[in-house]
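> Got a structure for you, structure_9.txt, holding compact mmCIF, C-alpha atoms and all ligand atoms.
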# COMPACT_ATOMS: atom_id res chain seq x y z
CA MET A 272 0.00 0.00 0.00
CA PRO A 273 1.40 3.45 -0.89
CA GLY A 274 2.58 5.76 1.88
CA LYS A 275 0.45 8.53 3.36
CA ILE A 276 0.41 12.07 2.04
CA ARG A 277 -1.32 15.22 3.26
CA LEU A 278 -2.18 18.07 0.93
CA TYR A 279 -3.81 21.47 1.27
CA ASP A 280 -7.19 21.50 -0.47
CA THR A 281 -8.43 24.96 -1.45
CA TYR A 282 -12.06 23.79 -1.37
CA GLN A 283 -11.89 22.53 2.23
CA ALA A 284 -9.40 25.32 3.06
CA LYS A 285 -7.15 23.03 5.08
CA VAL A 286 -4.51 20.35 4.88
CA VAL A 287 -6.19 16.95 4.63
CA ASP A 288 -5.13 13.32 4.36
CA PHE A 289 -5.12 12.38 0.72
CA VAL A 290 -7.45 9.48 -0.09
CA PRO A 291 -7.23 8.29 -3.71
CA ILE A 292 -10.38 7.45 -5.66
CA VAL A 293 -8.75 4.28 -7.02
CA ALA A 294 -6.48 2.57 -4.48
CA GLY A 295 -2.80 3.03 -5.37
CA GLU A 296 -3.44 5.48 -8.23
CA VAL A 297 -3.61 9.26 -8.55
CA SER A 298 -5.27 11.24 -11.33
CA ILE A 299 -3.92 14.79 -11.70
CA TYR A 300 -4.73 17.59 -14.11
CA TYR A 301 -3.27 21.07 -13.97
CA CYS A 302 -4.21 23.93 -16.27
CA GLY A 303 -1.60 24.54 -18.93
CA PRO A 304 -0.60 27.56 -20.99
CA THR A 305 -2.45 29.45 -23.69
CA VAL A 306 0.13 28.99 -26.41
CA TYR A 307 0.41 32.41 -28.05
CA ASN A 308 3.68 33.49 -26.49
CA TYR A 309 6.78 32.22 -24.66
CA ALA A 310 6.31 31.13 -21.05
CA HIS A 311 7.53 33.64 -18.49
CA LEU A 312 9.27 32.69 -15.28
CA GLY A 313 6.06 32.84 -13.21
CA ASN A 314 4.28 30.38 -15.54
CA ILE A 315 6.66 27.56 -14.69
CA ARG A 316 6.22 27.61 -10.91
CA PRO A 317 3.08 25.41 -10.98
CA VAL A 318 4.83 23.09 -13.46
CA LEU A 319 7.72 22.56 -11.05
CA VAL A 320 5.41 22.11 -8.06
CA PHE A 321 3.30 19.49 -9.84
CA ASP A 322 6.47 17.78 -11.04
CA LEU A 323 7.67 17.54 -7.44
CA LEU A 324 4.25 16.29 -6.35
CA GLY A 325 4.38 13.57 -9.02
CA ARG A 326 7.85 12.50 -7.92
CA VAL A 327 6.81 12.34 -4.26
CA LEU A 328 3.65 10.36 -5.08
CA ARG A 329 5.64 7.88 -7.18
CA GLU A 330 8.17 7.49 -4.41
CA LEU A 331 5.33 6.80 -1.98
CA GLY A 332 4.23 3.99 -4.27
CA TYR A 333 1.38 5.52 -6.29
CA LYS A 334 0.83 5.05 -9.99
CA VAL A 335 0.60 8.67 -11.19
CA HIS A 336 -1.58 9.74 -14.12
CA MET A 337 -0.76 13.39 -14.70
CA ILE A 338 -1.91 15.49 -17.63
CA SER A 339 -2.01 19.19 -18.50
CA ASN A 340 -3.64 20.95 -21.43
CA TYR A 341 -2.55 23.33 -24.14
CA THR A 342 -5.11 26.03 -24.81
CA ASP A 343 -4.71 26.33 -28.57
CA ILE A 344 -7.98 28.15 -29.23
CA ASP A 345 -8.08 31.67 -27.87
CA ASP A 346 -8.49 35.23 -29.11
CA LYS A 347 -4.85 35.94 -28.26
CA ILE A 348 -3.73 33.12 -30.57
CA ILE A 349 -6.05 34.34 -33.31
CA ASN A 350 -4.67 37.88 -33.04
CA LYS A 351 -1.10 36.61 -33.13
CA ALA A 352 -1.88 34.48 -36.19
CA LEU A 353 -3.40 37.49 -38.00
CA GLU A 354 -0.44 39.63 -36.99
CA GLU A 355 2.11 37.11 -38.23
CA LYS A 356 0.03 35.97 -41.23
CA LYS A 357 0.09 32.37 -40.00
CA SER A 358 -2.56 29.84 -39.11
CA GLU A 359 -3.58 29.42 -35.47
CA LYS A 360 -2.08 25.94 -35.59
CA GLU A 361 1.30 27.25 -36.77
CA VAL A 362 1.33 29.76 -33.91
CA SER A 363 0.35 27.23 -31.25
CA ASP A 364 2.69 24.51 -32.57
CA PHE A 365 5.57 26.97 -32.41
CA TYR A 366 4.94 28.01 -28.80
CA ILE A 367 4.20 24.45 -27.69
CA ALA A 368 7.63 23.42 -29.00
CA ALA A 369 9.26 26.32 -27.14
CA TYR A 370 7.38 25.38 -23.96
CA GLU A 371 8.35 21.72 -24.20
CA LYS A 372 12.01 22.71 -24.55
CA VAL A 373 11.68 24.63 -21.27
CA LEU A 374 10.06 21.63 -19.57
CA SER A 375 12.86 19.35 -20.66
CA GLN A 376 15.56 21.81 -19.51
CA LEU A 377 13.85 21.93 -16.12
CA ASN A 378 13.98 18.11 -15.98
CA ILE A 379 10.17 17.84 -15.78
CA ILE A 380 9.06 14.20 -15.96
CA PRO A 381 7.09 13.99 -19.23
CA LEU A 382 3.35 14.04 -18.58
CA GLU A 383 1.08 11.20 -19.60
CA TYR A 384 -0.71 13.43 -22.09
CA HIS A 385 -1.10 17.06 -23.22
CA PRO A 386 -4.63 17.42 -24.58
CA ARG A 387 -5.27 20.30 -27.00
CA VAL A 388 -8.63 22.03 -27.01
CA SER A 389 -8.86 21.94 -30.79
CA ASN A 390 -9.13 18.14 -30.61
CA TYR A 391 -12.12 18.20 -28.24
CA ILE A 392 -14.66 20.47 -29.96
CA PRO A 393 -17.39 17.80 -30.43
CA GLN A 394 -17.12 16.78 -26.77
CA ILE A 395 -17.21 20.44 -25.69
CA VAL A 396 -20.33 21.08 -27.80
CA ASP A 397 -22.09 18.03 -26.32
CA PHE A 398 -21.12 19.11 -22.82
CA ILE A 399 -22.44 22.66 -23.29
CA SER A 400 -25.67 21.36 -24.86
CA ALA A 401 -26.23 19.11 -21.85
CA ILE A 402 -25.87 22.07 -19.45
CA VAL A 403 -28.33 24.08 -21.56
CA ASP A 404 -30.76 21.13 -21.41
CA LYS A 405 -30.46 21.07 -17.63
CA GLY A 406 -31.47 24.73 -17.56
CA LEU A 407 -28.19 25.95 -16.07
CA ALA A 408 -27.02 27.68 -19.22
CA TYR A 409 -28.91 29.74 -21.79
CA LYS A 410 -28.58 30.80 -25.40
CA THR A 411 -28.77 34.49 -26.30
CA ALA A 412 -30.43 36.02 -29.38
CA SER A 413 -27.12 36.02 -31.27
CA GLY A 414 -26.44 32.39 -30.42
CA ASP A 415 -23.86 32.76 -27.62
CA VAL A 416 -24.25 30.41 -24.67
CA TYR A 417 -23.79 31.60 -21.09
CA PHE A 418 -23.65 29.75 -17.81
CA SER A 419 -26.24 31.08 -15.39
CA VAL A 420 -24.31 31.67 -12.19
CA LYS A 421 -27.33 32.54 -10.04
CA ASP A 422 -28.74 29.05 -10.68
CA ASP A 423 -25.70 27.42 -9.09
CA PRO A 424 -26.14 27.31 -5.29
CA PHE A 425 -22.49 26.29 -4.82
CA TYR A 426 -20.97 29.15 -6.82
CA GLY A 427 -18.14 30.79 -4.88
CA SER A 428 -17.49 27.76 -2.67
CA LEU A 429 -14.04 27.08 -4.11
CA SER A 430 -12.62 30.60 -4.05
CA LYS A 431 -14.71 31.64 -1.01
CA THR A 432 -16.25 34.57 -2.85
CA LYS A 433 -19.78 35.79 -2.17
CA ILE A 434 -21.98 36.16 -5.21
CA ASP A 435 -23.68 39.28 -3.82
CA ASP A 436 -20.31 41.02 -3.37
CA LEU A 437 -19.33 40.11 -6.90
CA ILE A 438 -22.59 41.31 -8.41
CA SER A 439 -22.44 44.67 -6.64
CA GLY A 440 -18.95 45.20 -8.03
CA SER A 441 -19.71 44.45 -11.66
CA ARG A 442 -22.18 45.20 -14.41
CA VAL A 443 -23.19 43.87 -17.78
CA GLU A 444 -21.23 45.79 -20.42
CA ILE A 445 -23.07 47.51 -23.26
CA GLY A 446 -23.45 45.10 -26.15
CA GLU A 447 -23.35 42.01 -23.94
CA GLU A 448 -26.42 39.85 -23.88
CA LYS A 449 -25.88 38.04 -20.62
CA LYS A 450 -28.53 38.12 -17.95
CA SER A 451 -26.22 38.75 -15.05
CA PRO A 452 -22.70 40.25 -14.97
CA LEU A 453 -21.29 37.05 -13.41
CA ASP A 454 -22.53 34.75 -16.17
CA PHE A 455 -19.66 33.46 -18.26
CA ALA A 456 -19.51 32.38 -21.89
CA LEU A 457 -19.48 28.69 -22.75
CA TRP A 458 -19.80 29.28 -26.48
CA LYS A 459 -19.36 32.38 -28.64
CA ASN A 460 -20.89 32.52 -32.07
CA THR A 461 -18.76 34.60 -34.35
CA SER A 462 -18.20 35.66 -37.90
CA ASP A 463 -14.72 37.10 -37.30
CA GLN A 464 -11.58 36.02 -39.19
CA GLY A 465 -10.43 33.62 -36.50
CA ILE A 466 -10.76 29.86 -36.40
CA LYS A 467 -14.35 28.69 -35.80
CA PHE A 468 -16.20 25.44 -35.71
CA ASP A 469 -19.54 24.41 -37.18
CA SER A 470 -21.69 22.85 -34.53
CA SER A 471 -25.23 22.36 -33.33
CA LEU A 472 -24.62 25.48 -31.22
CA GLY A 473 -23.82 27.50 -34.33
CA LYS A 474 -20.56 28.60 -35.95
CA GLY A 475 -18.17 29.71 -33.26
CA ARG A 476 -15.69 28.88 -30.53
CA PRO A 477 -15.87 27.60 -26.96
CA GLY A 478 -15.16 29.91 -24.02
CA TRP A 479 -11.98 29.25 -22.05
CA HIS A 480 -13.60 27.87 -18.88
CA THR A 481 -15.14 24.75 -20.42
CA GLU A 482 -12.18 22.96 -22.00
CA CYS A 483 -10.49 21.61 -18.84
CA VAL A 484 -13.68 20.05 -17.46
CA VAL A 485 -14.38 18.34 -20.76
CA MET A 486 -10.82 17.13 -21.23
CA ILE A 487 -10.75 15.78 -17.66
CA ASN A 488 -13.99 13.89 -18.27
CA SER A 489 -12.82 12.63 -21.67
CA TYR A 490 -9.32 11.56 -20.72
CA PHE A 491 -9.97 10.06 -17.31
CA LYS A 492 -13.40 8.75 -18.31
CA LYS A 493 -14.86 9.87 -15.01
CA PRO A 494 -16.37 13.12 -13.72
CA LEU A 495 -14.22 13.36 -10.58
CA ILE A 496 -10.42 13.15 -10.34
CA ASP A 497 -8.04 13.24 -7.40
CA ILE A 498 -6.17 16.49 -7.89
CA HIS A 499 -6.74 19.56 -10.03
CA GLY A 500 -4.87 22.80 -9.85
CA GLY A 501 -2.74 25.57 -11.23
CA GLY A 502 -1.55 29.02 -10.24
CA PHE A 503 -3.37 31.11 -7.60
CA ASP A 504 -4.60 33.44 -10.35
CA LEU A 505 -6.70 30.59 -11.76
CA LYS A 506 -8.69 30.04 -8.55
CA PHE A 507 -11.17 32.73 -9.54
CA PRO A 508 -12.85 32.88 -11.94
CA HIS A 509 -11.35 30.01 -13.97
CA HIS A 510 -11.48 27.18 -11.44
CA GLU A 511 -14.66 28.43 -9.82
CA ASN A 512 -16.26 28.34 -13.27
CA GLU A 513 -14.86 24.88 -13.97
CA MET A 514 -16.30 23.58 -10.72
CA ALA A 515 -19.66 25.24 -11.46
CA GLN A 516 -19.87 23.43 -14.79
CA SER A 517 -18.95 20.14 -13.20
CA TRP A 518 -21.69 20.54 -10.59
CA ALA A 519 -24.10 21.39 -13.36
CA TYR A 520 -23.09 18.53 -15.64
CA ASP A 521 -22.84 15.60 -13.28
CA GLY A 522 -22.94 16.83 -9.71
CA THR A 523 -19.27 16.50 -8.78
CA ARG A 524 -16.79 19.14 -7.70
CA LEU A 525 -14.45 17.92 -10.45
CA ALA A 526 -11.54 17.15 -8.12
CA ASN A 527 -11.29 15.96 -4.54
CA THR A 528 -8.24 18.13 -3.96
CA TRP A 529 -7.76 21.57 -5.49
CA MET A 530 -4.18 22.80 -5.33
CA HIS A 531 -3.07 26.35 -5.97
CA VAL A 532 0.47 27.57 -6.36
CA GLY A 533 1.58 31.01 -5.13
CA PHE A 534 2.69 34.00 -7.21
CA LEU A 535 6.13 35.03 -8.31
CA ASN A 536 7.14 38.59 -7.49
CA MET A 537 10.06 40.42 -9.03
CA ASN A 538 12.01 42.34 -6.39
CA GLY A 539 8.86 42.70 -4.31
CA GLU A 540 6.66 43.82 -7.20
CA LYS A 541 4.17 41.97 -9.33
CA MET A 542 5.62 40.84 -12.64
CA SER A 543 3.84 42.86 -15.32
CA LYS A 544 4.24 44.32 -18.76
CA SER A 545 3.64 47.85 -17.50
CA LEU A 546 6.46 47.57 -14.97
CA GLY A 547 8.72 46.12 -17.65
CA ASN A 548 10.00 43.42 -15.30
CA ILE A 549 8.93 40.30 -17.15
CA VAL A 550 11.57 37.56 -17.28
CA MET A 551 11.04 34.76 -19.75
CA ALA A 552 11.53 31.19 -18.53
CA GLN A 553 13.98 30.39 -21.33
CA GLU A 554 16.01 33.50 -20.59
CA ALA A 555 16.28 32.55 -16.89
CA ILE A 556 17.24 28.96 -17.70
CA ASP A 557 19.92 30.11 -20.17
CA LYS A 558 21.34 32.46 -17.56
CA PHE A 559 21.13 30.37 -14.38
CA GLY A 560 20.44 26.78 -15.46
CA GLY A 561 17.43 24.56 -14.87
CA ASN A 562 18.67 23.26 -11.50
CA VAL A 563 19.02 26.77 -10.07
CA ILE A 564 15.51 27.78 -11.19
CA ARG A 565 14.18 24.56 -9.67
CA ASP A 566 16.00 25.22 -6.39
CA PHE A 567 14.83 28.84 -6.33
CA TYR A 568 11.20 27.72 -6.54
CA LEU A 569 11.23 24.55 -4.45
CA THR A 570 12.85 26.08 -1.37
CA THR A 571 9.79 28.31 -0.80
CA TYR A 572 6.54 26.65 0.36
CA TYR A 573 4.52 26.28 -2.81
CA ARG A 574 1.46 28.20 -1.61
CA SER A 575 3.45 31.24 -0.47
CA PRO A 576 4.49 34.01 -2.82
CA VAL A 577 8.13 33.80 -3.84
CA ASN A 578 10.31 36.81 -4.50
CA PHE A 579 12.81 36.81 -7.36
CA THR A 580 15.84 38.82 -6.27
CA GLN A 581 19.55 38.79 -7.03
CA GLU A 582 20.14 37.46 -3.53
CA ALA A 583 17.62 34.62 -3.89
CA ILE A 584 19.14 33.49 -7.15
CA GLU A 585 22.66 33.66 -5.67
CA THR A 586 21.55 31.49 -2.76
CA ALA A 587 20.01 28.97 -5.15
CA THR A 588 23.18 28.98 -7.27
CA SER A 589 25.40 28.26 -4.29
CA GLU A 590 23.05 25.49 -3.05
CA VAL A 591 23.05 23.79 -6.44
CA ASP A 592 26.85 24.13 -6.63
CA LYS A 593 27.11 22.34 -3.29
CA TYR A 594 24.85 19.53 -4.50
CA GLU A 595 26.82 19.12 -7.69
CA ARG A 596 30.24 19.25 -6.00
CA LEU A 597 29.34 16.48 -3.58
CA MET A 598 27.89 14.39 -6.38
CA LYS A 599 31.12 14.80 -8.34
CA LYS A 600 33.26 13.92 -5.32
CA PHE A 601 31.47 10.59 -5.05
CA GLU A 602 31.78 9.96 -8.78
CA ALA A 603 35.47 10.87 -8.71
CA LYS A 604 36.04 8.53 -5.79
CA GLU A 605 34.40 5.71 -7.67
CA GLY A 606 36.11 6.48 -10.97
CA LEU A 607 39.60 7.30 -9.75
CA GLU A 608 39.95 4.62 -7.14
CA GLY A 609 38.32 1.96 -9.26
CA ILE A 610 35.82 1.02 -6.57
CA VAL A 611 32.20 0.05 -7.17
CA PHE A 612 29.61 1.29 -4.70
CA THR A 613 27.26 -1.34 -3.30
CA SER A 614 23.49 -0.91 -3.09
CA ALA A 615 23.57 -0.03 0.64
CA PHE A 616 20.91 2.57 1.48
CA ASP A 617 20.03 4.70 4.51
CA GLN A 618 16.32 3.91 4.59
CA GLU A 619 15.75 5.69 7.88
CA SER A 620 17.04 9.05 6.63
CA PHE A 621 15.25 8.66 3.32
CA ASP A 622 11.92 7.84 4.99
CA LYS A 623 12.27 10.91 7.18
CA PHE A 624 13.05 13.03 4.10
CA LEU A 625 10.07 11.62 2.20
CA SER A 626 7.67 12.02 5.11
CA PHE A 627 8.43 15.77 5.20
CA LEU A 628 7.70 16.01 1.48
CA ALA A 629 4.51 14.04 2.04
CA ASP A 630 3.46 16.72 4.53
CA ASP A 631 2.03 19.10 1.94
CA LEU A 632 5.39 19.27 0.13
CA ASN A 633 7.40 20.65 3.02
CA VAL A 634 10.66 20.98 1.11
CA ALA A 635 12.30 23.18 3.76
CA ASN A 636 12.09 20.39 6.35
CA ALA A 637 13.14 17.74 3.85
CA LEU A 638 16.24 19.82 3.10
CA THR A 639 17.31 19.65 6.77
CA VAL A 640 17.49 15.85 6.35
CA LEU A 641 19.39 16.27 3.08
CA ALA A 642 21.84 18.59 4.88
CA GLU A 643 22.53 15.90 7.52
CA VAL A 644 23.13 13.30 4.81
CA MET A 645 25.52 15.70 3.03
CA LYS A 646 27.43 16.47 6.20
CA ASN A 647 27.89 12.78 6.91
CA ALA A 648 28.90 12.14 3.29
CA ASN A 649 31.56 14.86 3.34
CA ASN A 650 33.00 13.45 6.56
CA LEU A 651 33.14 9.96 5.08
CA LEU A 652 34.81 11.20 1.90
CA ARG A 653 37.44 13.06 3.91
CA ASN A 654 38.29 10.02 6.00
CA PRO A 655 40.57 7.55 4.15
CA ARG A 656 39.45 4.76 6.49
CA SER A 657 35.72 5.02 5.62
CA SER A 658 34.23 1.66 4.72
CA LEU A 659 32.85 0.96 1.25
CA ASP A 660 29.51 0.15 2.85
CA ASP A 661 29.26 3.50 4.65
CA LEU A 662 30.31 5.40 1.54
CA SER A 663 27.86 3.48 -0.64
CA LYS A 664 25.04 4.09 1.80
CA ALA A 665 25.72 7.84 1.87
CA PHE A 666 26.08 8.04 -1.91
CA ASN A 667 22.94 6.08 -2.79
CA THR A 668 20.80 7.94 -0.26
CA TYR A 669 22.11 11.32 -1.38
CA LYS A 670 21.62 10.52 -5.05
CA LYS A 671 18.06 9.33 -4.46
CA MET A 672 17.14 12.48 -2.52
CA LEU A 673 18.40 14.71 -5.33
CA GLU A 674 16.38 12.63 -7.79
CA VAL A 675 13.17 13.06 -5.79
CA LEU A 676 13.75 16.82 -5.74
CA GLY A 677 14.27 16.64 -9.50
CA PHE A 678 17.85 17.87 -9.78
CA LYS A 679 19.86 16.52 -12.66
CA PHE A 680 23.60 16.76 -13.07
CA GLU A 681 25.79 15.72 -15.95
CA PRO A 682 27.85 12.69 -15.01
CA LEU A 683 31.49 13.34 -14.27
CA LEU A 684 33.78 12.26 -17.09
CA ILE A 685 37.05 10.77 -15.95
CA SER A 686 39.80 10.29 -18.54
CA SER A 687 42.66 7.80 -18.34
CA GLN A 688 44.93 10.82 -17.87
CA ASP A 689 42.90 11.81 -14.78
CA LYS A 690 43.42 8.33 -13.42
CA GLU A 691 47.17 8.62 -14.03
CA THR A 692 47.29 12.01 -12.29
CA TYR A 693 45.49 10.49 -9.33
CA ALA A 694 47.85 7.50 -9.21
CA SER A 695 50.86 9.88 -9.34
CA TYR A 696 49.30 11.92 -6.54
CA LEU A 697 48.94 8.82 -4.34
CA GLN A 698 52.52 7.81 -5.16
CA ALA A 699 53.90 11.29 -4.34
CA ARG A 700 52.01 11.23 -1.05
CA ALA A 701 53.35 7.77 -0.23
CA ASP A 702 56.87 9.02 -1.08
CA LYS A 703 56.28 11.99 1.21
CA ASP A 704 57.00 14.31 -1.76
CA PHE A 705 54.60 16.91 -0.43
CA LYS A 706 55.39 19.61 -2.96
CA ARG A 707 54.56 17.26 -5.84
CA SER A 708 51.53 15.73 -4.15
CA ASP A 709 50.14 19.18 -3.43
CA GLU A 710 50.60 20.25 -7.07
CA LEU A 711 48.79 17.16 -8.29
CA ARG A 712 46.06 17.64 -5.70
CA GLN A 713 45.47 21.23 -6.90
CA LEU A 714 45.26 19.91 -10.45
CA LEU A 715 42.63 17.36 -9.43
CA ILE A 716 40.68 19.96 -7.46
CA ALA A 717 40.69 22.29 -10.46
CA LYS A 718 39.11 19.51 -12.52
CA GLY A 719 36.47 18.96 -9.86
CA LEU A 720 37.85 15.53 -9.08
CA MET A 721 38.60 16.13 -5.40
ZN ZN A 801 -8.41 24.95 -16.54
For this file, produce the structure as structure tokens.
Ligand SMILES: [Zn+2]

Amino acid sequence: MPGKIRLYDTYQAKVVDFVPIVAGEVSIYYCGPTVYNYAHLGNIRPVLVFDLLGRVLRELGYKVHMISNYTDIDDKIINKALEEKKSEKEVSDFYIAAYEKVLSQLNIIPLEYHPRVSNYIPQIVDFISAIVDKGLAYKTASGDVYFSVKDDPFYGSLSKTKIDDLISGSRVEIGEEKKSPLDFALWKNTSDQGIKFDSSLGKGRPGWHTECVVMINSYFKKPLIDIHGGGFDLKFPHHENEMAQSWAYDGTRLANTWMHVGFLNMNGEKMSKSLGNIVMAQEAIDKFGGNVIRDFYLTTYYRSPVNFTQEAIETATSEVDKYERLMKKFEAKEGLEGIVFTSAFDQESFDKFLSFLADDLNVANALTVLAEVMKNANNLLRNPRSSLDDLSKAFNTYKKMLEVLGFKFEPLLISSQDKETYASYLQARADKDFKRSDELRQLLIAKGLM
């Protein structure tokens, strides 16, 4: 039986014991990007958090089914396509490729599937028609379809917003045909230049809030999954609207656990076009490396806002350097001394590490266990009398912890010349030729081999 995990559920507004719908399995969907532009640094925080969650769940023994969509039908994509004289598909294919490059550089475990809205139009049309039939959505004179928020007694229960407060703060814009300002579009009939689909609802496009519900139902073949989530900004209205449609369609709240990931701030300010402080994900990865970006995000509790500063990125860089240096020391030991580590493993430390991660992804506490393992490993490596078993245990445990956190380092390459230098160093030391041995030692240190 898989290990226990506790997660914060936005709907229940507390940390709860996770109970899977199907024993031993977890179904996860998180909202993906609208592919009309490159991902910025803030966009990838949820991706890294869900990647960590997947790794922890797998380590606990669950079979993980994780998917995330690409929104490839949207006015922003249409505008970009018109601007660049391309088809919507060319635009979305281009940005999907750029996004997938970022995911791979961040060492994100490939998802089970990336559904695209454009492949689910018939299912979306059927879904909307069913909600209209149930009387929870209505068609306007021009053929648009809106969800009737006032007919949903649960509306606001996810984001804890009160309908009355929302209504008093908004109004129906001139030209809109909706009955209440909160009603949101499920289908828009249009004769504009953008991509549109012929359907029983008319010629048009679906609204943004319907696709995820339909793709969840279609892919998982059930109306309720274990975990759904995304960034905090999606909680309202996007996720509230998704939940409303799920209630309307088949009476479920779509997911048992709703997870929301905190914002990224740039030097204490919101990242925005008007402030000119937008950093693209690719740009940050090129500059600092995928491991550093991962460390920067994972060391802050995922629900809290995280602040991107020079200092924070320097801290992350030095942490990652430490991880890599220790990894290389072990590899050098194995390669230079011609030893082979055994499969010895420090289960007790690893279980402690994992149990912190299983406590709503408490990375900070897990890192205290990692720090102990590193301290012990460095002591063992410094001591020439350390046993192979102790060294192997420290190495395997350390390596496994880095893997669960998702760090990835290039393996150390050791040439035959490196081996000769090392042998000469040992000989010089044995001969008590300290000048020579020190020179050779410096050479090995410079190559990251000591
Ligand atoms: Zn969504």
> Write out as a CSV table (one decimal) with C-alpha atoms, keeping the file's coordinate frame each polymer residue (protein, DNA or RNA) that has an atom no more than 8 Å from ligand ZN 801 (chain A), with all atoms listed in the file counted.

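After the write, part-v4.csv holds the following:
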chain,number,residue,atom,x,y,z
A,301,TYR,CA,-3.3,21.1,-14.0
A,302,CYS,CA,-4.2,23.9,-16.3
A,303,GLY,CA,-1.6,24.5,-18.9
A,340,ASN,CA,-3.6,21.0,-21.4
A,479,TRP,CA,-12.0,29.2,-22.0
A,480,HIS,CA,-13.6,27.9,-18.9
A,481,THR,CA,-15.1,24.8,-20.4
A,482,GLU,CA,-12.2,23.0,-22.0
A,483,CYS,CA,-10.5,21.6,-18.8
A,484,VAL,CA,-13.7,20.0,-17.5
A,500,GLY,CA,-4.9,22.8,-9.8
A,501,GLY,CA,-2.7,25.6,-11.2
A,505,LEU,CA,-6.7,30.6,-11.8
A,509,HIS,CA,-11.4,30.0,-14.0
A,510,HIS,CA,-11.5,27.2,-11.4
A,513,GLU,CA,-14.9,24.9,-14.0
> As an exercise, work out the distance from CA of Phe398 (chain A) to CA of Lys506 (chain A) in Å and give it to one decimal place.
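CA of Lys506 (chain A) lies at a distance of 21.9 Å from CA of Phe398 (chain A).
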> Which residue is closest to Val373 (chain A)? Choose from A:Gln553, A:Thr432, A:Thr570, A:Ser658 and count only C-alpha atoms.
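Result for the nearest residue to Val373 (chain A): A:Gln553.
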> Return the single residue from A:Ser614, A:Ser462, A:Asn562, A:Ser575 that is closest to His531 (chain A), with distances computed using all atoms listed in the file.
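Distance minimum relative to His531 (chain A) lands on A:Ser575.
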> Can you tell me, as a PyMOL selection string, what residues are no more than 10 Å from Asn390 (chain A) when counting all atoms listed in the file, ignoring any on the same chain fewer than 5 positions away?
chain A and resi 343+395+486
> Between A:Asn308, A:Ser428, A:Lys360, A:Asn527, which has the minimum distance to Ile292 (chain A) (counting only C-alpha atoms)?
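Of A:Asn308, A:Ser428, A:Lys360, A:Asn527, the one nearest Ile292 (chain A), counting only C-alpha atoms, is A:Asn527.
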> As an exercise, work out the distance from CA of Gln464 (chain A) to CA of Glu371 (chain A) in Å and give it to one decimal place.
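CA of Glu371 (chain A) lies 28.7 Å from CA of Gln464 (chain A).
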